[in-house]
Structures are given as C-alpha cells and as structure tokens.
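Engineer: Before I ask anything, here is the structure I am working with.
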Amino acid sequence: MQPKIFERGVVLNKHICIAGLLVNEKSHQAPEVQQVLSKYGTLILHRSGIPYSDCDRGLINVTMKASKEELENFKAELNKINGVKVESLCLIEDADELDSCETS
C-alpha cells in the first residue's frame, strides 16, 4: 500500500479518474496540449488519442491516479487553451482500494 500524500497537514487521497479532451484546431493546439500532458505525465496511467482530421479535431482519453487538486489543476490548465474542452469523472475515490482484492 502506498503512503498517503500530505500537504499542509491534510491527507490527499489519490483517485482513479478518466479525463476526456476534445481538441479543436488540433494542428495548432497540439504542442500546447502535449506540454500540459507531459507536465502531468507522472500522474497519467494510460493515454489514447483518436484523430478526427476531417475537421482538424482530436479526442484524447486519459486515465490518471491523482488527488482532486491535481485533477482540477490539470483540467484548468487544459481548459485555458483555446479550442480545448476537458471533462472528467473519478471511478475510485481512494486508489489504495485497488491494492485489495475485495470488491464492494
């Protein structure tokens, strides 16, 4: 089991979350999107992308192990990029649950 992360005396649980990105004007926005994805690379468990080149769009799916704060910062940085929209959901509120074989 991994230790909890503490920030200013508060325990930050890591969550398993999925983020979906819609990148419009992909040919122009891709370098900036890639820069943000690289910045958060240590939190990303899986990433896949689907080009939709007829309209110069791209769809990216990212699975992350991140605290709520890390996820919100990730989304905020991407949403600041013109033509990028990000939505997310968390599947598991405490990633340490994955270390147990018990299901609920």
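Residue names in the structure tokens use chain letters A, B, ... in the order shown, residue numbers from 1 in each chain, and ligand numbers from 1 in the order shown.
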For Lys80 in chain A, list every protein, DNA or RNA residue within 12 Å, evaluated using only C-alpha atoms, and leave out those in the same chain fewer than 5 positions away; present the list as JSON, numbers by chain.

Structural biologist: {"A": [23, 29, 32, 33, 36, 73, 74, 75, 85, 86]}

Engineer: Residues near Ser38 in chain A, anyone? I mean within 12 Å using only C-alpha atoms, not counting same-chain ones fewer than 6 positions away, as a PyMOL selection string.

Structural biologist: chain A and resi 30-32+44+47+74+78

Engineer: Find the residues around Ile18 in chain A up to 7 Å (only C-alpha atoms counted), leave out those fewer than 6 positions away in its own chain, and share them as number ranges by chain.

Structural biologist: A: 62-64, 88-90

Engineer: Since we have the selection now, will you write its residues out, keeping N, CA and C atoms, as a PDB file, in the first residue's frame?

Structural biologist:
ATOM      1  N   VAL A  62      -7.599  10.086 -21.099  1.00  0.00           N
ATOM      2  CA  VAL A  62      -6.501   9.973 -20.151  1.00  0.00           C
ATOM      3  C   VAL A  62      -7.020   9.332 -18.864  1.00  0.00           C
ATOM      4  N   THR A  63      -6.364   8.277 -18.401  1.00  0.00           N
ATOM      5  CA  THR A  63      -6.661   7.686 -17.099  1.00  0.00           C
ATOM      6  C   THR A  63      -5.552   8.122 -16.152  1.00  0.00           C
ATOM      7  N   MET A  64      -5.949   8.655 -15.000  1.00  0.00           N
ATOM      8  CA  MET A  64      -4.985   9.236 -14.069  1.00  0.00           C
ATOM      9  C   MET A  64      -5.157   8.699 -12.658  1.00  0.00           C
ATOM     10  N   SER A  88     -14.217  15.262 -16.811  1.00  0.00           N
ATOM     11  CA  SER A  88     -13.635  14.112 -16.112  1.00  0.00           C
ATOM     12  C   SER A  88     -14.636  13.479 -15.164  1.00  0.00           C
ATOM     13  N   LEU A  89     -14.294  12.262 -14.750  1.00  0.00           N
ATOM     14  CA  LEU A  89     -15.037  11.572 -13.700  1.00  0.00           C
ATOM     15  C   LEU A  89     -14.057  10.695 -12.951  1.00  0.00           C
ATOM     16  N   CYS A  90     -14.352  10.482 -11.680  1.00  0.00           N
ATOM     17  CA  CYS A  90     -13.496   9.620 -10.865  1.00  0.00           C
ATOM     18  C   CYS A  90     -14.225   8.303 -10.620  1.00  0.00           C
TER      19      CYS A  90
END

Engineer: Determine which residues of chain A DSSP labels as alpha helix (DSSP H) from the backbone of this structure, then write them out as a ChimeraX atom specification.

Structural biologist: /A:26-39,68-79

Engineer: Just to be explicit: take each residue in the selection above, keep C-alpha atoms, and write the result as a PDB file, in the first residue's frame.

Structural biologist:
ATOM      1  CA  LYS A  26      -5.631  20.173 -33.407  1.00  0.00           C
ATOM      2  CA  SER A  27      -2.859  21.160 -35.790  1.00  0.00           C
ATOM      3  CA  HIS A  28      -2.438  24.458 -33.900  1.00  0.00           C
ATOM      4  CA  GLN A  29      -3.217  23.371 -30.324  1.00  0.00           C
ATOM      5  CA  ALA A  30      -1.365  20.029 -30.186  1.00  0.00           C
ATOM      6  CA  PRO A  31       2.016  21.402 -28.985  1.00  0.00           C
ATOM      7  CA  GLU A  32       0.456  23.272 -26.056  1.00  0.00           C
ATOM      8  CA  VAL A  33      -1.761  20.302 -25.134  1.00  0.00           C
ATOM      9  CA  GLN A  34       1.262  17.993 -25.265  1.00  0.00           C
ATOM     10  CA  GLN A  35       3.174  20.328 -22.962  1.00  0.00           C
ATOM     11  CA  VAL A  36       0.440  20.073 -20.295  1.00  0.00           C
ATOM     12  CA  LEU A  37       0.173  16.291 -20.717  1.00  0.00           C
ATOM     13  CA  SER A  38       3.938  15.988 -20.248  1.00  0.00           C
ATOM     14  CA  LYS A  39       3.841  18.197 -17.149  1.00  0.00           C
ATOM     15  CA  LYS A  68      -8.745  16.063  -6.554  1.00  0.00           C
ATOM     16  CA  GLU A  69      -6.491  19.127  -6.525  1.00  0.00           C
ATOM     17  CA  GLU A  70      -4.102  17.645  -9.104  1.00  0.00           C
ATOM     18  CA  LEU A  71      -7.023  16.698 -11.362  1.00  0.00           C
ATOM     19  CA  GLU A  72      -8.559  20.166 -11.098  1.00  0.00           C
ATOM     20  CA  ASN A  73      -5.219  21.843 -11.871  1.00  0.00           C
ATOM     21  CA  PHE A  74      -4.733  19.529 -14.875  1.00  0.00           C
ATOM     22  CA  LYS A  75      -8.195  20.365 -16.215  1.00  0.00           C
ATOM     23  CA  ALA A  76      -7.801  24.095 -15.569  1.00  0.00           C
ATOM     24  CA  GLU A  77      -4.515  24.265 -17.492  1.00  0.00           C
ATOM     25  CA  LEU A  78      -6.009  22.424 -20.467  1.00  0.00           C
ATOM     26  CA  ASN A  79      -9.249  24.418 -20.449  1.00  0.00           C
TER      27      ASN A  79
END

Engineer: I'd like to know which of A:Asn82, A:Ser100, A:Ser67, A:Asn61 is closest to Lys14 in chain A, using only C-alpha atoms.

Structural biologist: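 Looking at the shortest contact to Lys14 in chain A, the residue is A:Ser67.
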